[in-house]
$ cat protein_15.txt   # compact mmCIF, C-alpha atoms
# COMPACT_ATOMS: atom_id res chain seq x y z
CA MET C 1 0.00 0.00 0.00
CA GLY C 2 1.38 3.36 -1.04
CA LEU C 3 2.16 6.19 1.35
CA THR C 4 -0.61 8.37 -0.09
CA SER C 5 -3.25 5.63 -0.40
CA ASN C 6 -6.61 5.88 1.35
CA LYS C 7 -6.09 2.39 2.81
CA VAL C 8 -2.94 3.43 4.69
CA LEU C 9 -4.66 6.53 6.05
CA ALA C 10 -7.75 4.55 7.07
CA LEU C 11 -5.57 1.90 8.76
CA ALA C 12 -3.75 4.59 10.77
CA VAL C 13 -7.05 6.18 11.85
CA VAL C 14 -8.55 2.82 12.86
CA LEU C 15 -5.41 1.89 14.79
CA GLY C 16 -5.48 5.22 16.62
CA VAL C 17 -9.15 4.76 17.57
CA VAL C 18 -8.62 1.16 18.70
CA LEU C 19 -5.66 2.12 20.87
CA PHE C 20 -7.60 5.02 22.38
CA VAL C 21 -10.54 2.76 23.25
CA ALA C 22 -8.17 0.12 24.62
CA THR C 23 -6.47 2.73 26.81
CA VAL C 24 -9.79 3.89 28.30
CA TRP C 25 -11.03 0.29 28.77
CA LEU C 26 -7.87 -1.11 30.34
CA TRP C 27 -6.89 1.90 32.46
CA PRO C 28 -8.76 0.75 35.63
CA ARG C 29 -7.03 -2.64 35.45
CA LEU C 30 -3.65 -0.92 35.16
CA ALA C 31 -4.18 1.42 38.09
CA ARG C 32 -1.90 -0.60 40.37
CA ARG C 33 1.37 0.85 41.67
CA ASN C 34 3.75 -1.88 40.58
CA TRP C 35 6.30 -1.48 37.80
CA ARG C 36 4.44 -3.74 35.37
CA ALA C 37 1.30 -1.61 35.55
CA VAL C 38 3.29 1.62 35.17
CA LEU C 39 5.08 0.28 32.09
CA ALA C 40 1.77 -0.88 30.60
CA ARG C 41 0.20 2.58 31.11
CA VAL C 42 3.22 4.32 29.55
CA GLY C 43 3.22 1.87 26.63
CA LEU C 44 -0.48 2.39 25.91
CA LEU C 45 -0.14 6.17 26.05
CA LEU C 46 2.89 6.20 23.73
CA ALA C 47 1.31 3.78 21.24
CA THR C 48 -1.92 5.81 21.15
CA GLN C 49 -0.09 9.10 20.62
CA LEU C 50 2.13 7.64 17.91
CA ALA C 51 -0.88 6.25 16.07
CA LEU C 52 -2.71 9.58 16.26
CA PHE C 53 0.37 11.53 15.10
CA ALA C 54 0.81 9.05 12.23
CA ALA C 55 -2.80 9.53 11.15
CA VAL C 56 -2.48 13.32 11.21
CA GLY C 57 0.84 13.18 9.36
CA LEU C 58 -0.53 10.85 6.68
CA ALA C 59 -3.57 13.08 6.21
CA ALA C 60 -1.37 16.18 5.83
CA ASN C 61 0.95 14.38 3.43
CA LYS C 62 -2.01 13.19 1.34
CA SER C 63 -3.28 16.77 1.08
CA PHE C 64 0.04 18.49 0.34
CA LEU C 65 2.07 15.64 -1.25
CA PHE C 66 5.29 16.29 0.68
CA TYR C 67 6.34 12.68 0.02
CA GLY C 68 4.98 10.49 -2.74
CA SER C 69 6.10 7.05 -1.58
CA TRP C 70 7.69 5.17 1.32
CA ALA C 71 11.01 5.22 -0.52
CA ASP C 72 10.70 8.97 -0.97
CA LEU C 73 9.90 9.43 2.74
CA PHE C 74 12.96 7.48 3.87
CA GLY C 75 15.29 9.07 1.29
CA GLN C 76 15.75 5.85 -0.69
CA GLU C 77 14.69 7.41 -4.01
CA GLN C 78 17.92 9.06 -5.16
CA GLU C 79 18.18 8.07 -8.81
CA LEU C 80 18.27 11.08 -11.11
CA GLY C 81 15.44 11.70 -13.55
CA VAL C 82 15.91 11.06 -17.26
CA VAL C 83 14.82 13.59 -19.86
CA VAL C 84 12.63 12.06 -22.58
CA ASP C 85 11.98 14.14 -25.70
CA HIS C 86 8.49 14.36 -27.20
CA SER C 87 9.36 16.14 -30.45
CA ALA C 88 6.53 17.37 -32.64
CA GLY C 89 8.32 17.76 -35.82
CA GLY C 90 20.11 53.61 -16.57
CA ARG C 91 20.95 50.33 -14.85
CA ASP C 92 18.03 48.54 -13.29
CA VAL C 93 20.22 46.15 -11.25
CA LYS C 94 22.05 47.04 -8.06
CA VAL C 95 24.56 44.57 -6.58
CA VAL C 96 24.20 44.55 -2.79
CA GLY C 97 26.31 41.54 -1.81
CA ARG C 98 28.64 38.77 -2.98
CA GLN C 99 29.33 35.25 -1.75
CA GLN C 100 31.45 32.32 -2.85
CA LEU C 101 30.55 28.72 -3.59
CA ASP C 102 31.57 26.07 -1.09
CA VAL C 103 33.92 24.31 -3.51
CA PRO C 104 37.70 23.84 -3.51
CA GLY C 105 39.27 27.16 -4.47
CA GLY C 106 35.85 28.81 -4.23
CA SER C 107 37.31 31.98 -2.73
CA ARG C 108 38.56 32.85 -6.23
CA PRO C 109 35.73 33.68 -8.65
CA ALA C 110 37.71 32.31 -11.62
CA VAL C 111 37.75 28.91 -9.86
CA GLY C 112 34.44 28.69 -8.02
CA GLY C 113 32.34 31.35 -9.65
CA GLN C 114 30.39 33.86 -7.60
CA ILE C 115 26.88 34.46 -6.28
CA GLN C 116 25.80 38.09 -6.28
CA LYS C 117 22.80 39.38 -4.39
CA ILE C 118 21.07 42.04 -6.43
CA VAL C 119 18.00 44.25 -6.42
CA VAL C 120 16.14 44.53 -9.72
CA SER C 121 14.00 47.57 -10.45
CA GLY C 122 11.46 47.03 -13.22
CA ALA C 123 11.09 50.05 -15.48
CA LYS C 124 7.81 48.92 -17.06
CA SER C 125 6.21 47.05 -14.18
CA GLY C 126 7.29 49.35 -11.38
CA ILE C 127 8.23 46.29 -9.32
CA THR C 128 11.46 46.13 -7.31
CA SER C 129 12.59 42.73 -6.11
CA PRO C 130 15.73 41.03 -4.72
CA ALA C 131 17.40 38.15 -6.54
CA TYR C 132 20.58 36.10 -6.60
CA VAL C 133 22.76 35.80 -9.69
CA TYR C 134 25.12 32.86 -10.07
CA LEU C 135 28.09 33.68 -12.32
CA PRO C 136 30.07 30.57 -13.37
CA PRO C 137 33.88 30.52 -13.03
CA GLU C 138 34.28 31.03 -16.79
CA TYR C 139 32.65 34.45 -16.45
CA PHE C 140 35.79 35.63 -14.62
CA GLN C 141 38.40 33.82 -16.70
CA PRO C 142 40.53 35.78 -19.24
CA ALA C 143 39.69 33.34 -22.04
CA TYR C 144 36.01 34.32 -21.72
CA ALA C 145 36.58 38.04 -21.14
CA LYS C 146 34.61 39.06 -24.22
CA ALA C 147 32.19 36.14 -24.28
CA THR C 148 28.48 36.32 -23.61
CA PHE C 149 26.67 33.63 -21.64
CA PRO C 150 23.20 32.09 -21.76
CA ALA C 151 21.04 32.74 -18.71
CA SER C 152 18.06 31.12 -17.05
CA VAL C 153 15.66 32.60 -14.54
CA VAL C 154 15.01 30.15 -11.68
CA LEU C 155 11.97 30.51 -9.41
CA THR C 156 10.98 28.82 -6.15
CA GLY C 157 7.46 27.84 -5.30
CA TYR C 158 5.11 29.93 -3.17
CA PRO C 159 5.80 31.09 -0.47
CA GLY C 160 9.42 29.91 -0.72
CA THR C 161 12.49 32.10 -0.41
CA ALA C 162 15.26 32.63 -2.94
CA GLU C 163 17.70 31.20 -0.40
CA ASN C 164 16.01 27.81 -0.89
CA LEU C 165 17.40 27.76 -4.42
CA LEU C 166 20.92 28.15 -3.04
CA LYS C 167 20.76 25.90 0.01
CA GLY C 168 17.97 23.36 -0.24
CA LEU C 169 17.89 22.93 -4.02
CA LYS C 170 21.58 23.79 -4.59
CA TYR C 171 21.22 25.23 -8.08
CA PRO C 172 24.64 26.98 -8.19
CA ARG C 173 26.51 23.99 -6.80
CA THR C 174 24.72 21.64 -9.20
CA ALA C 175 25.39 23.87 -12.21
CA PHE C 176 29.05 24.14 -11.20
CA GLN C 177 29.39 20.36 -10.96
CA GLN C 178 27.53 19.68 -14.21
CA VAL C 179 29.89 21.99 -16.11
CA LYS C 180 32.90 20.46 -14.38
CA ASP C 181 31.70 16.99 -15.41
CA GLY C 182 31.31 18.14 -19.00
CA LYS C 183 27.54 17.63 -19.06
CA MET C 184 26.52 21.24 -19.71
CA ARG C 185 27.95 24.57 -20.80
CA PRO C 186 28.49 27.48 -18.40
CA MET C 187 25.23 29.31 -17.72
CA ILE C 188 24.21 32.27 -15.59
CA LEU C 189 21.33 31.66 -13.16
CA VAL C 190 19.02 34.45 -11.96
CA MET C 191 17.38 33.04 -8.84
CA MET C 192 14.40 34.50 -7.02
CA ARG C 193 10.96 33.76 -5.69
CA PRO C 194 7.77 34.42 -7.65
CA THR C 195 6.43 36.54 -4.81
CA VAL C 196 7.63 39.91 -6.08
CA ALA C 197 4.75 41.70 -4.33
CA PRO C 198 4.83 39.96 -0.92
CA PRO C 199 2.90 38.49 0.72
CA ARG C 200 0.53 38.14 -2.24
CA ASP C 201 0.80 35.18 -4.59
CA THR C 202 0.28 36.87 -7.95
CA GLU C 203 0.72 33.70 -10.05
CA CYS C 204 2.89 35.73 -12.47
CA VAL C 205 -0.20 37.57 -13.70
CA ASP C 206 -0.54 41.22 -14.67
CA ILE C 207 -3.33 42.04 -12.22
CA PRO C 208 -5.63 44.93 -13.21
CA GLY C 209 -4.46 47.88 -11.15
CA GLY C 210 -1.19 46.09 -10.36
CA PRO C 211 1.12 44.50 -9.58
CA LYS C 212 2.27 43.69 -13.12
CA THR C 213 4.16 40.51 -12.33
CA GLU C 214 4.08 39.06 -15.85
CA THR C 215 5.54 42.27 -17.25
CA PHE C 216 8.31 42.13 -14.64
CA PHE C 217 9.38 38.59 -15.52
CA ALA C 218 8.75 38.80 -19.27
CA GLN C 219 10.31 42.19 -19.95
CA ASP C 220 11.95 43.99 -17.04
CA LEU C 221 14.03 41.17 -15.59
CA PRO C 222 15.78 39.93 -18.76
CA SER C 223 16.35 43.50 -19.97
CA ALA C 224 17.87 44.57 -16.65
CA VAL C 225 20.13 41.52 -16.37
CA SER C 226 21.33 41.78 -19.99
CA ALA C 227 22.20 45.44 -19.38
CA THR C 228 24.29 44.50 -16.33
CA TYR C 229 25.91 41.17 -17.19
CA ARG C 230 27.29 39.63 -20.38
CA VAL C 231 24.03 37.99 -21.41
CA GLY C 232 22.51 38.30 -24.87
CA THR C 233 19.09 39.83 -25.51
CA LYS C 234 17.76 37.31 -28.03
CA PRO C 235 15.22 34.62 -27.08
CA ARG C 236 17.80 31.87 -27.65
CA ASN C 237 19.92 33.43 -24.89
CA TRP C 238 17.23 33.07 -22.22
CA GLY C 239 15.49 30.21 -20.40
CA PHE C 240 13.09 30.03 -17.47
CA MET C 241 12.67 27.23 -14.91
CA GLY C 242 11.17 26.64 -11.49
CA ASN C 243 9.33 24.30 -9.16
CA SER C 244 5.66 24.26 -8.18
CA THR C 245 4.35 27.83 -8.56
CA GLY C 246 7.72 28.74 -10.06
CA GLY C 247 7.30 25.90 -12.55
CA TYR C 248 3.86 27.16 -13.57
CA CYS C 249 5.29 30.65 -14.00
CA ALA C 250 8.21 29.36 -16.08
CA LEU C 251 5.97 27.47 -18.51
CA LYS C 252 3.48 30.32 -18.70
CA ILE C 253 6.00 33.10 -19.36
CA VAL C 254 7.78 31.08 -22.05
CA LEU C 255 4.48 30.04 -23.65
CA HIS C 256 3.21 33.61 -23.84
CA HIS C 257 6.52 35.33 -24.55
CA PRO C 258 8.52 33.40 -27.16
CA GLU C 259 10.00 36.74 -28.19
CA ARG C 260 11.88 36.78 -24.84
CA TYR C 261 12.48 33.16 -23.80
CA VAL C 262 13.16 30.09 -25.89
CA ALA C 263 12.90 27.38 -23.23
CA GLY C 264 10.91 26.74 -20.07
CA ALA C 265 11.15 23.95 -17.48
CA GLY C 266 8.39 23.31 -14.93
CA LEU C 267 9.28 20.92 -12.08
CA SER C 268 6.07 19.66 -10.43
CA ALA C 269 4.27 22.50 -12.15
CA TYR C 270 0.53 22.98 -12.31
CA TYR C 271 -1.16 24.31 -15.42
CA LYS C 272 -3.64 27.00 -14.50
CA ALA C 273 -3.44 29.92 -12.10
CA ALA C 274 -4.44 29.21 -8.53
CA GLU C 275 -7.22 31.39 -7.15
CA ASP C 276 -7.52 31.35 -3.38
CA VAL C 277 -7.02 33.46 -0.27
CA THR C 278 -3.30 33.90 -1.05
CA THR C 279 -3.92 35.23 -4.57
CA GLY C 280 -6.93 37.44 -4.09
CA ASP C 281 -8.85 38.51 -7.19
CA LEU C 282 -6.38 38.03 -10.03
CA PHE C 283 -8.59 38.69 -13.03
CA HIS C 284 -11.31 41.10 -11.86
CA GLY C 285 -13.98 39.26 -13.82
CA ASP C 286 -11.98 39.09 -17.07
CA ASP C 287 -12.74 35.56 -18.29
CA ARG C 288 -10.39 35.93 -21.25
CA ALA C 289 -7.48 36.67 -18.89
CA ARG C 290 -8.43 33.68 -16.71
CA LYS C 291 -8.45 31.39 -19.75
CA ARG C 292 -5.11 32.78 -20.92
CA ALA C 293 -3.61 31.86 -17.53
CA ASN C 294 -4.69 28.25 -18.17
CA LEU C 295 -1.75 26.73 -20.07
CA LEU C 296 -3.78 23.87 -21.53
CA TRP C 297 -6.32 26.34 -22.92
CA SER C 298 -3.53 28.53 -24.29
CA LEU C 299 -1.91 25.62 -26.10
CA ASP C 300 -5.21 25.00 -27.89
CA HIS C 301 -6.17 28.59 -28.66
CA ARG C 302 -3.09 30.80 -28.93
CA PRO C 303 -0.41 31.05 -31.66
CA ARG C 304 2.45 28.61 -31.18
CA GLY C 305 6.03 29.75 -30.92
CA ALA C 306 9.14 27.67 -31.57
CA SER C 307 9.66 27.19 -27.84
CA SER C 308 11.00 24.18 -25.93
CA PHE C 309 9.30 22.92 -22.77
CA LEU C 310 10.36 20.47 -20.07
CA VAL C 311 7.74 19.15 -17.63
CA THR C 312 8.18 16.74 -14.74
CA SER C 313 5.96 14.48 -12.67
CA SER C 314 5.95 11.06 -11.00
CA LYS C 315 3.95 7.96 -11.82
CA GLU C 316 3.16 7.67 -8.11
CA GLY C 317 2.85 10.43 -5.55
CA GLU C 318 2.37 13.67 -7.52
CA GLY C 319 -0.93 15.41 -8.11
CA ASN C 320 0.07 16.98 -11.42
CA LEU C 321 0.47 13.77 -13.45
CA LYS C 322 -2.81 14.09 -15.37
CA GLY C 323 -2.17 17.74 -16.22
CA THR C 324 1.41 16.99 -17.22
CA LEU C 325 0.34 14.28 -19.65
CA ALA C 326 -2.28 16.63 -21.10
CA PHE C 327 0.34 19.37 -21.54
CA ILE C 328 2.65 16.97 -23.37
CA ASP C 329 -0.18 15.90 -25.66
CA LYS C 330 -1.14 19.48 -26.54
CA VAL C 331 2.32 20.81 -27.45
CA LYS C 332 2.56 20.85 -31.25
CA ALA C 333 5.18 21.95 -33.77
CA PRO C 334 7.01 24.23 -34.06
CA ALA C 335 7.17 23.93 -30.25
CA ARG C 336 8.86 20.94 -28.62
CA VAL C 337 8.28 19.21 -25.31
CA SER C 338 10.38 16.91 -23.12
CA SER C 339 9.59 15.26 -19.82
CA ILE C 340 11.08 13.71 -16.71
CA MET C 341 8.82 11.01 -15.28
CA LEU C 342 9.99 9.49 -12.00
CA ASP C 343 8.55 6.20 -10.79
CA SER C 344 7.69 7.83 -7.47
CA GLY C 345 8.16 11.25 -5.96
CA GLY C 346 6.37 14.07 -4.22
CA HIS C 347 6.01 17.80 -3.98
CA ASN C 348 9.28 18.22 -2.08
CA PHE C 349 12.97 19.03 -2.23
CA ASN C 350 14.05 15.40 -2.46
CA THR C 351 12.12 14.96 -5.69
CA TRP C 352 13.27 18.27 -7.19
CA ASN C 353 16.91 17.54 -6.34
CA ARG C 354 16.60 14.41 -8.48
CA GLU C 355 15.22 16.45 -11.37
CA ILE C 356 17.38 19.58 -11.24
CA PRO C 357 20.65 18.08 -12.62
CA PRO C 358 19.08 16.69 -15.81
CA ALA C 359 16.85 19.77 -16.10
CA LEU C 360 19.90 22.07 -16.07
CA VAL C 361 21.58 19.92 -18.72
CA TRP C 362 18.40 20.07 -20.80
CA MET C 363 18.21 23.85 -20.42
CA SER C 364 21.85 24.31 -21.37
CA GLY C 365 21.25 22.33 -24.54
CA ARG C 366 18.37 24.60 -25.56
CA LEU C 367 20.16 27.94 -25.04
CA SER C 368 22.84 29.71 -27.02
CA ALA C 369 25.51 32.09 -25.78
CA SER C 370 25.52 34.25 -28.90

$ encode --input "protein_15.txt" --output "structure tokens"
Amino acid sequence: MGLTSNKVLALAVVLGVVLFVATVWLWPRLARRNWRAVLARVGLLLATQLALFAAVGLAANKSFLFYGSWADLFGQEQELGVVVDHSAGGRDVKVVGRQQLDVPGGSRPAVGGQIQKIVVSGAKSGITSPAYVYLPPEYFQPAYAKATFPASVVLTGYPGTAENLLKGLKYPRTAFQQVKDGKMRPMILVMMRPTVAPPRDTECVDIPGGPKTETFFAQDLPSAVSATYRVGTKPRNWGFMGNSTGGYCALKIVLHHPERYVAGAGLSAYYKAAEDVTTGDLFHGDDRARKRANLLWSLDHRPRGASSFLVTSSKEGEGNLKGTLAFIDKVKAPARVSSIMLDSGGHNFNTWNREIPPALVWMSGRLSAS
């Protein structure tokens, strides 16, 4: 029985109820003051509490999909995902800090690269947001002094922090190692959270009356970064990737803005804008805007660009499998779609850390430096 199955949850609930009833029923018999009775009372109390905690934990996991399987829960699922192609035929950036990678020789940028903390001010959107920029070692090496580099925006989920991309998901360290192993070319990463108007979850939508989050990511951010770093301004120079809400944003921005981004990767993405207490009223009654924010609808009704998409899910444990398969089916030429399908996984860092290395390699292969 799988970790997220109804049978496992029901078994935990029944066990908790049985132990509770047994504790109440047997308590008078165990009221003696000898060590056997004391141990029996302690054992019953601990077993009942553990069963109740297990039931609550399983219910929460079923709702939020933190772990998709027993192997995922106990960290036994470590095999990397495999990309499978489904081919259809004034400066707006201010650097406010620098840090090194924890790699041998990392104190020298030409050896370990550098992470810069920046603040991006959007000229068209009016949004100002912090971000981290990973510059690979080659960026500082004399042989690459006049070279431009491809870049990818990387977003967390909601309400994650940009620091999660550095520490929990280890994007810079992974990119560094993938280049060192000869699996990908050097690439600049622009890492941030999608919550550019905190605490509101704007779902990367231009909300009537503001904030204009889509404008920020589609226009302001790549323009500002290209004006500050050696990154080209053509679509083939730019990619977009993320997990969860960040994955939805990545696919959406690339789908609607092929003039800015050529490739988008959504890890555990969903395919239409969430509308709940965290988002507020995103569309103000505009049904056309709501439909546009539905990626499956957009694939059927909007012009197709020559974009590349990567989507990920798991055969067991992820709630986006049906939507992911539908997305793959709807992508038609001249666009292309690839996927990573794990046997089991969940909506968590362990799963994404298995998908990020091949996703970075995939992204590198879709972008051009010139």

$ atom_distance --input "protein_15.txt" --atom1 "atom CA of C:Met191" --atom2 "atom CA of C:Leu360"
13.4 Å

$ atom_distance --input "protein_15.txt" --atom1 "atom CA of C:Pro172" --atom2 "atom CA of C:Arg336"
26.5 Å

$ closest_residue --input "protein_15.txt" --among "C:Ser308, C:Ser368, C:Asn237, C:Ser244" --to "C:Pro334" --atoms "only C-alpha atoms"
C:Ser308

$ atom_distance --input "protein_15.txt" --atom1 "atom CA of C:Leu189" --atom2 "atom CA of C:Lys117"
11.8 Å

$ closest_residue --input "protein_15.txt" --among "C:Asp281, C:Asp343, C:Glu259, C:Glu316" --to "C:Arg236" --atoms "all atoms listed in the file"
C:Glu259

$ residues_near_point --input "protein_15.txt" --point "(-0.1, 16.5, -22.7)" --cutoff "12 Å" --atoms "only C-alpha atoms" --output "ChimeraX atom specification"
/C:86,88,271,295-297,299-300,309-313,320-332,336-339

$ residues_around --input "protein_15.txt" --residues "stretch 246-257 of chain C" --least-positions-apart "5" --cutoff "7 Å" --atoms "only C-alpha atoms" --output "compact mmCIF listing (two decimals) with C-alpha atoms, in the coordinates of the input"
# COMPACT_ATOMS: atom_id res chain seq x y z
CA LEU C 155 11.97 30.51 -9.41
CA THR C 156 10.98 28.82 -6.15
CA GLY C 157 7.46 27.84 -5.30
CA PRO C 194 7.77 34.42 -7.65
CA GLU C 203 0.72 33.70 -10.05
CA CYS C 204 2.89 35.73 -12.47
CA ALA C 218 8.75 38.80 -19.27
CA PHE C 240 13.09 30.03 -17.47
CA MET C 241 12.67 27.23 -14.91
CA VAL C 262 13.16 30.09 -25.89
CA ALA C 263 12.90 27.38 -23.23
CA GLY C 264 10.91 26.74 -20.07
CA ALA C 265 11.15 23.95 -17.48
CA GLY C 266 8.39 23.31 -14.93
CA LEU C 267 9.28 20.92 -12.08
CA SER C 268 6.07 19.66 -10.43
CA ALA C 269 4.27 22.50 -12.15
CA TYR C 270 0.53 22.98 -12.31
CA TYR C 271 -1.16 24.31 -15.42
CA LEU C 295 -1.75 26.73 -20.07

$ residues_near_point --input "protein_15.txt" --point "(-5.7, 6.2, 7.7)" --cutoff "10 Å" --atoms "all atoms listed in the file" --output "PyMOL selection string"
chain C and resi 4-16+51-52+54-59

$ residues_around --input "protein_15.txt" --residues "stretch 179-188 of chain C" --least-positions-apart "6" --cutoff "10 Å" --atoms "all atoms listed in the file" --output "VMD selection string"
chain C and resid 115 133 to 139 148 to 153 172 229 to 231 237 to 238 357 to 358 360 to 365 367 to 369

$ closest_residue --input "protein_15.txt" --among "C:Ala359, C:Ala274, C:Ala335, C:Leu166" --to "C:Pro303" --atoms "only C-alpha atoms"
C:Ala335

$ closest_residue --input "protein_15.txt" --among "C:Val277, C:Gly122, C:His284, C:Arg193" --to "C:Val225" --atoms "all atoms listed in the file"
C:Gly122

$ closest_residue --input "protein_15.txt" --among "C:Thr161, C:Asn243, C:Thr233, C:Asn353" --to "C:Ser370" --atoms "all atoms listed in the file"
C:Thr233

$ closest_residue --input "protein_15.txt" --among "C:Thr279, C:Thr245, C:Gly317, C:Leu165" --to "C:Ile207" --atoms "all atoms listed in the file"
C:Thr279
